[in-house]
Every structure is written in C-alpha cells, then in structure tokens.
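The structure file run08.txt is reproduced below (compact mmCIF, C-alpha atoms).
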```txt
# COMPACT_ATOMS: atom_id res chain seq x y z
CA MET F 165 -11.07 23.28 -1.27
CA LYS F 166 -11.92 20.26 0.90
CA LEU F 167 -13.19 18.34 -2.13
CA ARG F 168 -10.08 19.14 -4.10
CA THR F 169 -7.83 17.99 -1.26
CA GLY F 170 -9.79 14.74 -1.14
CA LEU F 171 -9.43 14.26 -4.89
CA LEU F 172 -5.67 14.88 -4.71
CA TRP F 173 -5.31 12.24 -1.99
CA ALA F 174 -7.49 9.83 -3.98
CA GLY F 175 -5.20 10.36 -6.98
CA VAL F 176 -2.07 9.53 -4.97
CA ILE F 177 -3.68 6.42 -3.46
CA LEU F 178 -4.97 5.20 -6.84
CA LEU F 179 -1.57 5.74 -8.49
CA THR F 180 0.00 3.62 -5.76
CA VAL F 181 -2.59 0.85 -5.54
CA LEU F 182 -3.46 0.43 -9.23
CA PRO F 183 0.00 -0.86 -10.29
CA LEU F 184 -0.32 -3.53 -7.59
CA CYS F 185 -3.62 -4.70 -9.09
CA LEU F 186 -2.88 -4.23 -12.79
CA VAL F 187 0.60 -5.70 -13.09
CA ASN F 188 0.53 -9.42 -12.60
CA ALA F 189 2.60 -11.07 -15.32
CA PRO F 190 6.23 -11.04 -14.20
CA PRO F 191 8.23 -9.35 -16.96
CA GLY F 192 11.38 -11.27 -16.04
CA SER F 193 12.16 -14.34 -14.02
CA GLU F 194 12.57 -12.12 -10.95
CA GLY F 195 9.73 -11.50 -8.53
CA LEU F 196 7.49 -8.49 -8.93
CA PHE F 197 8.05 -5.06 -7.38
CA GLY F 198 11.73 -5.25 -6.63
CA GLY F 199 13.69 -2.02 -6.63
CA SER F 200 14.42 -0.34 -9.95
CA ASP F 201 17.95 0.19 -8.58
CA ASP F 202 18.42 -3.57 -8.48
CA ARG F 203 17.11 -3.89 -12.00
CA ALA F 204 19.63 -1.29 -13.16
CA GLN F 205 22.34 -3.32 -11.47
CA GLN F 206 21.26 -6.36 -13.49
CA ALA F 207 21.31 -4.28 -16.67
CA ILE F 208 24.89 -3.25 -15.89
CA GLY F 209 25.71 -6.94 -15.48
CA ALA F 210 24.25 -7.60 -18.93
CA ILE F 211 26.09 -4.72 -20.64
CA ALA F 212 29.43 -5.09 -18.88
CA PRO F 213 29.59 -8.64 -17.52
CA HIS F 214 33.19 -8.20 -16.39
CA TYR F 215 32.59 -5.06 -14.35
CA ALA F 216 33.31 -5.63 -10.68
CA PRO F 217 32.28 -2.99 -8.11
CA TRP F 218 35.48 -1.50 -6.70
CA PHE F 219 34.09 -0.26 -3.43
CA ALA F 220 31.80 -1.90 -0.89
CA PRO F 221 29.19 -0.10 1.26
CA VAL F 222 30.68 0.93 4.62
CA PHE F 223 27.70 -0.47 6.48
CA VAL F 224 25.08 -2.91 5.27
CA PRO F 225 21.89 -3.41 7.29
CA ALA F 226 22.03 -6.91 8.76
CA SER F 227 18.70 -7.93 7.22
CA GLY F 228 15.68 -6.69 5.33
CA GLU F 229 14.04 -6.02 8.69
CA ILE F 230 16.87 -3.73 9.81
CA ALA F 231 16.79 -1.94 6.45
CA SER F 232 13.05 -1.34 6.75
CA LEU F 233 13.62 -0.11 10.32
CA LEU F 234 16.03 2.53 9.05
CA PHE F 235 13.78 3.49 6.12
CA ALA F 236 10.86 3.81 8.53
CA LEU F 237 13.04 5.96 10.78
CA GLN F 238 13.85 8.25 7.86
CA ALA F 239 10.17 8.57 6.94
CA ALA F 240 9.21 9.09 10.59
CA ILE F 241 11.64 11.99 10.99
CA GLY F 242 10.16 13.65 7.90
CA ALA F 243 6.55 12.96 8.85
CA GLY F 244 7.21 14.09 12.43
CA VAL F 245 8.43 17.51 11.35
CA ILE F 246 5.52 17.94 8.92
CA GLY F 247 3.06 16.85 11.64
CA TYR F 248 4.57 19.36 14.09
CA TRP F 249 4.17 22.16 11.54
CA LEU F 250 0.57 21.18 10.68
CA GLY F 251 -0.41 20.88 14.34
CA LEU F 252 1.16 24.22 15.17
CA SER F 253 -0.52 25.85 12.17
CA VAL F 254 -3.99 24.54 13.05
CA ALA F 255 -3.59 25.62 16.67
CA ARG F 256 -2.35 29.05 15.60
CA GLU F 257 -5.28 29.51 13.25
CA ARG F 258 -7.70 28.47 15.98
CA ALA F 259 -6.13 30.85 18.50
CA ARG F 260 -6.34 33.65 15.98
CA ALA F 261 -10.02 32.93 15.32
CA GLN F 262 -10.75 32.89 19.06
CA GLY F 263 -8.86 36.14 19.56
CA GLN F 264 -11.09 37.80 17.02
CA THR F 265 -14.30 36.82 18.81
CA HIS F 266 -13.12 38.40 22.09
CA ASP F 267 -13.91 42.00 22.87
CA PRO F 268 -10.92 43.95 21.53
CA ALA F 269 -11.21 46.59 24.29
CA GLN F 270 -10.85 43.93 26.95
CA GLN F 271 -7.73 42.60 25.25
CA ASP F 272 -6.17 46.05 25.17
CA HIS F 273 -6.83 46.37 28.87
CA ARG F 274 -5.09 43.08 29.55
CA ALA F 275 -2.12 44.06 27.45
CA ASP F 276 -1.58 46.99 29.81
CA MET U 147 17.90 6.61 -8.85
CA HIS U 148 20.60 5.52 -6.45
CA ILE U 149 23.63 4.32 -8.31
CA MET U 150 24.97 1.56 -6.09
CA GLU U 151 28.23 1.80 -4.21
CA GLY U 152 31.19 1.00 -6.46
CA PHE U 153 29.05 0.84 -9.59
CA LEU U 154 30.62 3.84 -11.27
CA PRO U 155 34.18 3.52 -12.58
CA PRO U 156 36.59 5.66 -10.49
CA ALA U 157 37.01 8.30 -13.22
CA HIS U 158 33.22 8.80 -13.44
CA ALA U 159 32.84 8.82 -9.65
CA LEU U 160 35.51 11.51 -9.33
CA GLY U 161 34.14 13.52 -12.24
CA TRP U 162 30.61 13.71 -10.81
CA ALA U 163 31.99 14.54 -7.37
CA ALA U 164 34.03 17.37 -8.90
CA VAL U 165 30.89 18.74 -10.56
CA SER U 166 28.66 18.41 -7.49
CA LEU U 167 31.02 19.67 -4.78
CA PRO U 168 31.17 23.35 -5.84
CA VAL U 169 27.40 23.41 -6.34
CA LEU U 170 26.97 21.96 -2.85
CA ALA U 171 29.25 24.63 -1.39
CA TRP U 172 27.30 27.32 -3.24
CA GLY U 173 24.00 25.81 -2.02
CA LEU U 174 25.20 25.83 1.59
CA ARG U 175 26.16 29.51 1.34
CA ALA U 176 22.85 30.41 -0.32
CA MET U 177 20.92 28.55 2.37
CA GLY U 178 22.89 30.22 5.17
CA ARG U 179 22.33 33.65 3.67
CA THR U 180 18.58 33.05 3.29
CA LEU U 181 18.25 31.96 6.92
CA ALA U 182 20.36 34.85 8.21
CA ALA U 183 18.27 37.40 6.30
CA HIS U 184 14.89 35.73 6.94
CA PRO U 185 14.96 33.66 10.15
CA GLU U 186 11.16 33.33 9.93
CA ARG U 187 11.62 31.04 6.93
CA ARG U 188 13.26 28.38 9.09
CA MET U 189 9.96 26.63 9.68
CA LEU U 190 8.98 26.30 6.02
CA LEU U 191 12.51 25.29 5.05
CA GLY U 192 12.32 22.61 7.73
CA VAL U 193 9.03 21.40 6.27
CA ALA U 194 10.56 21.30 2.77
CA ALA U 195 13.53 19.29 4.06
CA ALA U 196 11.23 16.96 6.00
CA PHE U 197 9.17 16.45 2.83
CA ALA U 198 12.29 15.31 0.97
CA PHE U 199 13.21 12.99 3.86
CA LEU U 200 9.74 11.46 3.94
CA LEU U 201 9.22 11.04 0.20
CA SER U 202 12.64 9.62 -0.59
CA ALA U 203 12.07 6.89 2.00
CA LEU U 204 8.88 5.69 0.34
CA LYS U 205 9.37 3.11 -2.37
CA LEU U 206 6.20 3.02 -4.39
CA PRO U 207 5.08 0.31 -6.81
CA SER U 208 4.87 1.28 -10.45
CA VAL U 209 3.36 0.04 -13.70
CA THR U 210 6.63 -1.58 -14.79
CA GLY U 211 6.38 -4.05 -11.92
CA SER U 212 9.26 -2.56 -9.98
CA CYS U 213 9.44 -0.03 -7.18
CA SER U 214 11.02 3.38 -7.00
CA HIS U 215 10.82 6.44 -4.79
CA PRO U 216 9.90 10.08 -5.30
CA THR U 217 12.57 12.63 -4.37
CA GLY U 218 10.59 15.39 -2.65
CA VAL U 219 13.14 18.10 -3.50
CA GLY U 220 10.86 19.97 -5.92
CA LEU U 221 8.83 21.57 -3.10
CA GLY U 222 11.81 23.30 -1.49
CA ALA U 223 13.24 24.29 -4.87
CA LEU U 224 10.19 26.26 -5.89
CA LEU U 225 9.83 27.85 -2.45
CA PHE U 226 13.44 28.77 -1.71
CA GLY U 227 15.19 28.43 -5.04
CA PRO U 228 17.13 25.39 -6.25
CA ALA U 229 20.37 26.21 -4.38
CA ALA U 230 18.75 25.68 -0.98
CA MET U 231 17.79 22.11 -1.84
CA VAL U 232 21.30 20.97 -2.79
CA PRO U 233 22.41 20.56 0.86
CA VAL U 234 19.05 18.99 1.78
CA GLY U 235 19.33 16.37 -0.99
CA PHE U 236 22.94 15.79 0.00
CA VAL U 237 21.98 15.00 3.61
CA VAL U 238 19.26 12.56 2.49
CA LEU U 239 21.67 10.77 0.13
CA LEU U 240 24.44 10.69 2.74
CA PHE U 241 22.05 9.18 5.31
CA GLN U 242 21.03 6.46 2.85
CA ALA U 243 24.60 5.80 1.70
CA LEU U 244 25.98 5.45 5.24
CA LEU U 245 23.16 3.65 7.04
CA LEU U 246 21.14 1.88 4.37
CA ALA U 247 23.73 0.70 1.83
CA HIS U 248 21.46 2.53 -0.59
CA GLY U 249 23.52 4.48 -3.06
CA GLY U 250 27.09 4.92 -1.88
CA LEU U 251 29.99 7.17 -1.00
CA THR U 252 31.79 6.65 -4.31
CA THR U 253 28.55 7.34 -6.21
CA LEU U 254 27.47 10.20 -3.93
CA GLY U 255 28.69 12.85 -6.38
CA ALA U 256 26.66 11.36 -9.24
CA ASN U 257 23.58 10.84 -7.05
CA VAL U 258 23.79 14.38 -5.64
CA PHE U 259 24.02 15.66 -9.20
CA SER U 260 20.84 13.89 -10.32
CA MET U 261 18.67 14.24 -7.21
CA ALA U 262 19.94 17.38 -5.46
CA ILE U 263 21.03 19.48 -8.44
CA VAL U 264 19.21 18.53 -11.67
CA GLY U 265 15.89 17.78 -9.92
CA PRO U 266 15.62 21.10 -8.01
CA PHE U 267 16.89 23.18 -10.94
CA VAL U 268 14.42 21.61 -13.38
CA SER U 269 11.59 22.06 -10.85
CA TYR U 270 12.52 25.70 -10.38
CA GLY U 271 12.83 26.32 -14.12
CA VAL U 272 9.51 24.64 -14.90
CA PHE U 273 7.81 26.61 -12.13
CA ARG U 274 9.13 29.90 -13.44
CA ALA U 275 8.19 28.99 -17.02
CA ALA U 276 4.69 27.91 -15.99
CA ALA U 277 4.27 31.12 -14.02
CA ALA U 278 5.45 33.18 -16.99
CA LEU U 279 2.87 31.41 -19.16
CA GLY U 280 0.21 32.52 -16.71
CA LEU U 281 -0.73 29.02 -15.51
CA SER U 282 -2.41 28.81 -12.12
CA ARG U 283 -0.27 28.16 -9.05
CA THR U 284 -1.66 24.64 -8.66
CA VAL U 285 -0.77 23.64 -12.22
CA ALA U 286 2.66 25.29 -11.98
CA VAL U 287 3.48 23.49 -8.71
CA PHE U 288 2.29 20.16 -10.08
CA LEU U 289 4.30 20.43 -13.30
CA ALA U 290 7.41 21.62 -11.45
CA ALA U 291 7.46 18.78 -8.92
CA CYS U 292 6.47 16.11 -11.45
CA LEU U 293 8.98 17.06 -14.15
CA GLY U 294 11.78 17.70 -11.65
CA ASP U 295 11.30 14.19 -10.27
CA LEU U 296 11.36 12.72 -13.76
CA ALA U 297 14.45 14.74 -14.72
CA THR U 298 16.35 13.18 -11.81
CA TYR U 299 15.71 9.69 -13.15
CA VAL U 300 16.51 10.63 -16.75
CA THR U 301 19.81 12.02 -15.42
CA THR U 302 20.59 8.78 -13.60
CA SER U 303 19.90 6.86 -16.82
CA ALA U 304 22.30 9.12 -18.73
CA GLN U 305 24.97 8.80 -16.03
CA LEU U 306 24.81 5.00 -16.18
CA ALA U 307 24.74 5.01 -19.99
CA LEU U 308 27.87 7.19 -20.00
CA ALA U 309 29.63 4.75 -17.69
CA PHE U 310 28.30 1.62 -19.39
CA PRO U 311 27.79 2.25 -23.12
CA ASP U 312 26.34 -0.69 -25.00
CA ALA U 313 28.91 -2.78 -26.89
CA VAL U 314 26.95 -2.35 -30.14
CA GLY U 315 24.71 0.69 -29.83
CA GLY U 316 26.91 2.77 -27.55
CA PHE U 317 25.51 5.51 -25.30
CA THR U 318 22.09 5.75 -26.98
CA THR U 319 21.20 2.07 -26.64
CA SER U 320 22.33 2.04 -23.03
CA PHE U 321 20.46 5.26 -22.31
CA PHE U 322 17.19 3.78 -23.56
CA LYS U 323 17.86 0.60 -21.64
CA PHE U 324 18.42 2.42 -18.33
CA GLY U 325 15.69 4.91 -19.18
CA GLY U 326 13.28 2.00 -19.59
CA ILE U 327 14.16 0.89 -16.09
CA PHE U 328 14.25 4.25 -14.33
CA ALA U 329 12.27 6.87 -16.23
CA LEU U 330 9.38 4.57 -17.22
CA THR U 331 9.00 3.27 -13.68
CA GLN U 332 9.08 6.84 -12.45
CA LEU U 333 6.16 8.15 -14.55
CA PRO U 334 3.27 7.40 -12.14
CA ILE U 335 5.50 8.09 -9.14
CA ALA U 336 6.38 11.52 -10.52
CA VAL U 337 2.66 12.25 -10.90
CA SER U 338 2.17 11.21 -7.26
CA GLU U 339 4.99 13.53 -6.20
CA GLY U 340 3.34 16.36 -8.14
CA LEU U 341 0.00 15.77 -6.41
CA LEU U 342 1.60 15.52 -2.94
CA THR U 343 3.56 18.73 -3.53
CA VAL U 344 0.34 20.53 -4.50
CA LEU U 345 -1.23 19.28 -1.24
CA VAL U 346 1.61 20.69 0.86
CA VAL U 347 1.71 24.02 -1.01
CA ASN U 348 -2.07 24.34 -0.55
CA ALA U 349 -1.64 23.76 3.19
CA MET U 350 1.14 26.36 3.29
CA ALA U 351 -1.03 28.82 1.37
CA ARG U 352 -3.71 28.37 4.01
CA PHE U 353 -1.60 28.38 7.18
CA ASN U 354 1.47 30.37 6.18
CA ALA U 355 0.01 32.78 3.67
CA HIS U 356 2.05 35.62 5.11
CA GLU U 357 5.43 33.85 4.91
CA LEU U 358 4.59 32.41 1.51
CA ARG U 359 3.83 35.82 0.07
CA ALA U 360 7.21 37.04 1.26
CA LEU U 361 9.01 34.37 -0.81
CA PRO U 362 10.24 35.83 -4.09
CA VAL U 363 9.07 32.85 -6.13
CA MET U 364 5.61 32.76 -4.63
CA ALA U 365 4.97 36.49 -4.78
CA PRO U 366 1.39 37.13 -5.85
CA ARG U 367 1.06 37.39 -9.59
CA GLY U 368 -1.69 38.61 -11.86
CA ARG U 369 -3.41 35.26 -12.02
CA GLU U 370 -3.22 33.32 -8.82
CA GLY U 371 -4.75 29.85 -8.55
CA ALA U 372 -7.32 29.57 -5.80
```

Turn this file's structure into structure tokens for me.
Amino acid sequence: MKLRTGLLWAGVILLTVLPLCLVNAPPGSEGLFGGSDDRAQQAIGAIAPHYAPWFAPVFVPASGEIASLLFALQAAIGAGVIGYWLGLSVARERARAQGQTHDPAQQDHRAD
Amino acid sequence: MHIMEGFLPPAHALGWAAVSLPVLAWGLRAMGRTLAAHPERRMLLGVAAAFAFLLSALKLPSVTGSCSHPTGVGLGALLFGPAAMVPVGFVVLLFQALLLAHGGLTTLGANVFSMAIVGPFVSYGVFRAAAALGLSRTVAVFLAACLGDLATYVTTSAQLALAFPDAVGGFTTSFFKFGGIFALTQLPIAVSEGLLTVLVVNAMARFNAHELRALPVMAPRGREGA
C-alpha cells in the first residue's frame, strides 16, 4: 500500500514536471505555459475578429501578484480542510489502536 | 475551461444559464436531502468540496506548452452522486468569476454546465460502468476522475465552437480548433487528476471505511480492489 501510494505521487509529479522539461520550442510567438483559456481567447479573435466582449469582469485583481494571492487562498482553503480531515483521521486511528491495547475490563469500570 | 467574461454572445449565455439553473436547483435539493438523512457524511462531503477547491486552483503545465487546471469534481460525484457536486462546482466557479476575473458571470451558466454538470455526470457514469464490468475500485476511480475531467474540456470546446463556428468549416473546424487547445492540453492533467483522486479514495478507504461502505456507490461488490 505504501509503495503504491509513493508510485501514485511519483506519477503526478512526473506528469507535472516532464512537460516543463520536454517542451521547449515555443509553438507560437507567445511565451510558453500561458493559460489555455488565453489561447482560446486568441482563437476566438482569429475566428471572429469583430467579436467584442459585451460584459467586463466585475472585479479584476490589480496585478498578477494579487491574482496569485487569491488563487493561493483558494488552494489553501481546500488543502486546509483536507489536512484537518487527514489529521483527525490519523489521530482517531491511533486512539482506537491505543484503546485496544488497554485492559477492556478496566475501561468498563471507568465507563461506570 | 473557463470561458471568459463576455465571450459568449448573449443568446448563448442565456441559453446555458437556462440549462444549468434547474440542474443547480435539483443538485442543491439532493445535497440537502443527503445531509439531512446522513449527517455523518458531512465530513467526507466537505473533503470532496475541498478537493475541488484545491485542484481547480492549480494550473499545471502540459505537453502543449500551455497551462490548465484539473477540476476535482469527479471525487465527490462518485462518492455522493453527480447531483451533489453541481452546487460545489458552482461555488468554485462563482468564487473565481467574482474575485479572480477568471471565467465570468455572463459565462457562469456555460461554465457550470461543463465543469459542474457534464464532468460529475460523466465521472459517475464511467464509475458505474467500470464497476459493472467488474474492474477493481482503483481502476474504476481512476477512469471516472480522468474521463470526467476530460469531458469538461471537450464540452467547453463544443460550447465555444457553437458560439464561434469557423467561417469555412463551421462547427466541426472550430470544435477541433478549440479541442486542440483545451482537450489536448488536458490529457496529462486529467491523468494527474485520476491519480490524485485514487490517492484520496485510498485514504478514505483506510480512515473512513465505515462511512465509505455506507455510501450507495461504494457499497462492497464482488470484486473489490485492495
């Protein structure tokens, strides 16, 4: 089980790092590793050059730094909840294991 | 997969909103009913929602030289059914539309449809099909999360192709063009999402075996993966 977990993590890391190493020739004039959303926006520009967006975002992060702050916040909320659950689960499992090593008769006595 | 604010013509924006809204209402009711009947599932539902929050914030590099993010909604879909993940996906997309200028309010209906409806439903369907075929739980979870993620991006490509058909080739040419941007980029990322979902389900199987067994979808079958 441990080995398999390690292999799964290795797979995720490799899938993330390998593109960074393997892709080096820029396919367009744009820089590498921009968002695919932006690329779709360019494709819309190529297909329908006269299309003008008819609505603007209600709030735009003031800079790339602010945007990454908010993205990090979103990830932190998610990771925080998962971390809480994992910590609780490990502690619960440990408490259960400890409970089993105690003398059951003694525990019954305490419950009274 | 976020269609940018204002980048769908008003008729398309309204149409997708009209499709997504009733499903969202249904999802909210389904989620409320599940929690009322099984309050002990709150924790795992919270983990599934947190997983979607975390994964959809991570923009990962891909082989096409651009970045995209996993959706994370497959996990909750195969645990609690696809309806429960519609409101979760909606909250994630609303957060990004309001605070990050990522996606938008006018495109929210279309984005909810691809990420919070098609993704979870495909994940759920694939999981059930894989289970019916007798595949192990690990393989079923991987396929469900991976293909659900991919389906979201194929849907986005189709939505954009519908709104912006190519002057010469029409819908099909546009679909392949947007598919080349979204679906191709998504391939390795979808595999990553599949692997990460397997990791979380394995952890749940270890720590929450009791709750997991009580979920209709995860009920022990004849052939259970280790």

(request) Could the residues of chain U within 7 Å of chain F, counting all atoms listed in the file, be given as a ChimeraX atom specification, please? (result) /U:147-148,151-153,193,196-197,199-200,203,206-209,211-214,244-247,250,310,312,324,327-328,334,338,341,345,353

Selection export as a tab-separated table (two decimals), keeping the file's coordinate frame, atoms kept: C-alpha atoms:
```tsv
chain	number	residue	atom	x	y	z
U	147	MET	CA	17.90	6.61	-8.85
U	148	HIS	CA	20.60	5.52	-6.45
U	151	GLU	CA	28.23	1.80	-4.21
U	152	GLY	CA	31.19	1.00	-6.46
U	153	PHE	CA	29.05	0.84	-9.59
U	193	VAL	CA	9.03	21.40	6.27
U	196	ALA	CA	11.23	16.96	6.00
U	197	PHE	CA	9.17	16.45	2.83
U	199	PHE	CA	13.21	12.99	3.86
U	200	LEU	CA	9.74	11.46	3.94
U	203	ALA	CA	12.07	6.89	2.00
U	206	LEU	CA	6.20	3.02	-4.39
U	207	PRO	CA	5.08	0.31	-6.81
U	208	SER	CA	4.87	1.28	-10.45
U	209	VAL	CA	3.36	0.04	-13.70
U	211	GLY	CA	6.38	-4.05	-11.92
U	212	SER	CA	9.26	-2.56	-9.98
U	213	CYS	CA	9.44	-0.03	-7.18
U	214	SER	CA	11.02	3.38	-7.00
U	244	LEU	CA	25.98	5.45	5.24
U	245	LEU	CA	23.16	3.65	7.04
U	246	LEU	CA	21.14	1.88	4.37
U	247	ALA	CA	23.73	0.70	1.83
U	250	GLY	CA	27.09	4.92	-1.88
U	310	PHE	CA	28.30	1.62	-19.39
U	312	ASP	CA	26.34	-0.69	-25.00
U	324	PHE	CA	18.42	2.42	-18.33
U	327	ILE	CA	14.16	0.89	-16.09
U	328	PHE	CA	14.25	4.25	-14.33
U	334	PRO	CA	3.27	7.40	-12.14
U	338	SER	CA	2.17	11.21	-7.26
U	341	LEU	CA	0.00	15.77	-6.41
U	345	LEU	CA	-1.23	19.28	-1.24
U	353	PHE	CA	-1.60	28.38	7.18
```

(request) For the point (16.9, 15.9, 2.4) in the file's frame, write as a PyMOL selection string all residues with an atom no more than 10 Å away, counting only C-alpha atoms. (result) (chain F and resi 238+242) or (chain U and resi 192+194-202+217-219+222+231-241+261-262)

(message) Under the rule that all atoms listed in the file are counted, which of U:Phe321, U:Phe267, U:Phe226, U:Trp172 is the nearest residue to Arg188 (chain U)?
(response) U:Phe226

(request) Give me, please, the distance in Å between CA of Ala277 (chain U) and CA of Ile335 (chain U), quoted to one decimal. (result)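 Interatomic distance here is 23.6 Å.
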
(message) I'd like the contact shell of region 289-297 of chain U - 7 Å cut-off, only C-alpha atoms, skipping same-chain residues fewer than 3 positions apart - returned as a PyMOL selection string.
(response) chain U and resi 216-217+220-221+264-266+268-270+272-273+285-286+300-301+329+332-333+336-337+339-340+343

(message) Given only C-alpha atoms as the basis, pick out the residue of U:Val346, U:His158, U:Thr302, U:Pro311 nearest to Phe288 (chain U).
(response)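 Closest to Phe288 (chain U) of all the choices is U:Val346.
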
(request) Choose the residue, out of U:Met189, U:Leu174, U:Ala230, U:Ala309, that has the smallest atom-to-atom separation from Ala157 (chain U); count only C-alpha atoms. (result) U:Ala309

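Taking CA of Gln242 (chain U) and CA of Leu254 (chain U) as endpoints, the distance between them is 10.1 Å.
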
(request) Grab the CA of Ala176 (chain U) to CA of Ala229 (chain U) distance for me, in Å with one decimal place. (result) 6.3 Å

(request) Between U:Leu342, U:Ala223, U:Ala278, U:Ala351, single out the one closest to Met177 (chain U), counting only C-alpha atoms. (result)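 Once distances to Met177 (chain U) are computed over only C-alpha atoms, the minimum belongs to U:Ala223.
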
(request) Identify which of the residues U:Val169, U:Ala163, U:Leu308, U:Leu191 lies closest to Met350 (chain U), counting all atoms listed in the file when measuring atom-to-atom distances. (result)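 Ranking U:Val169, U:Ala163, U:Leu308, U:Leu191 by distance to Met350 (chain U), first place goes to U:Leu191.
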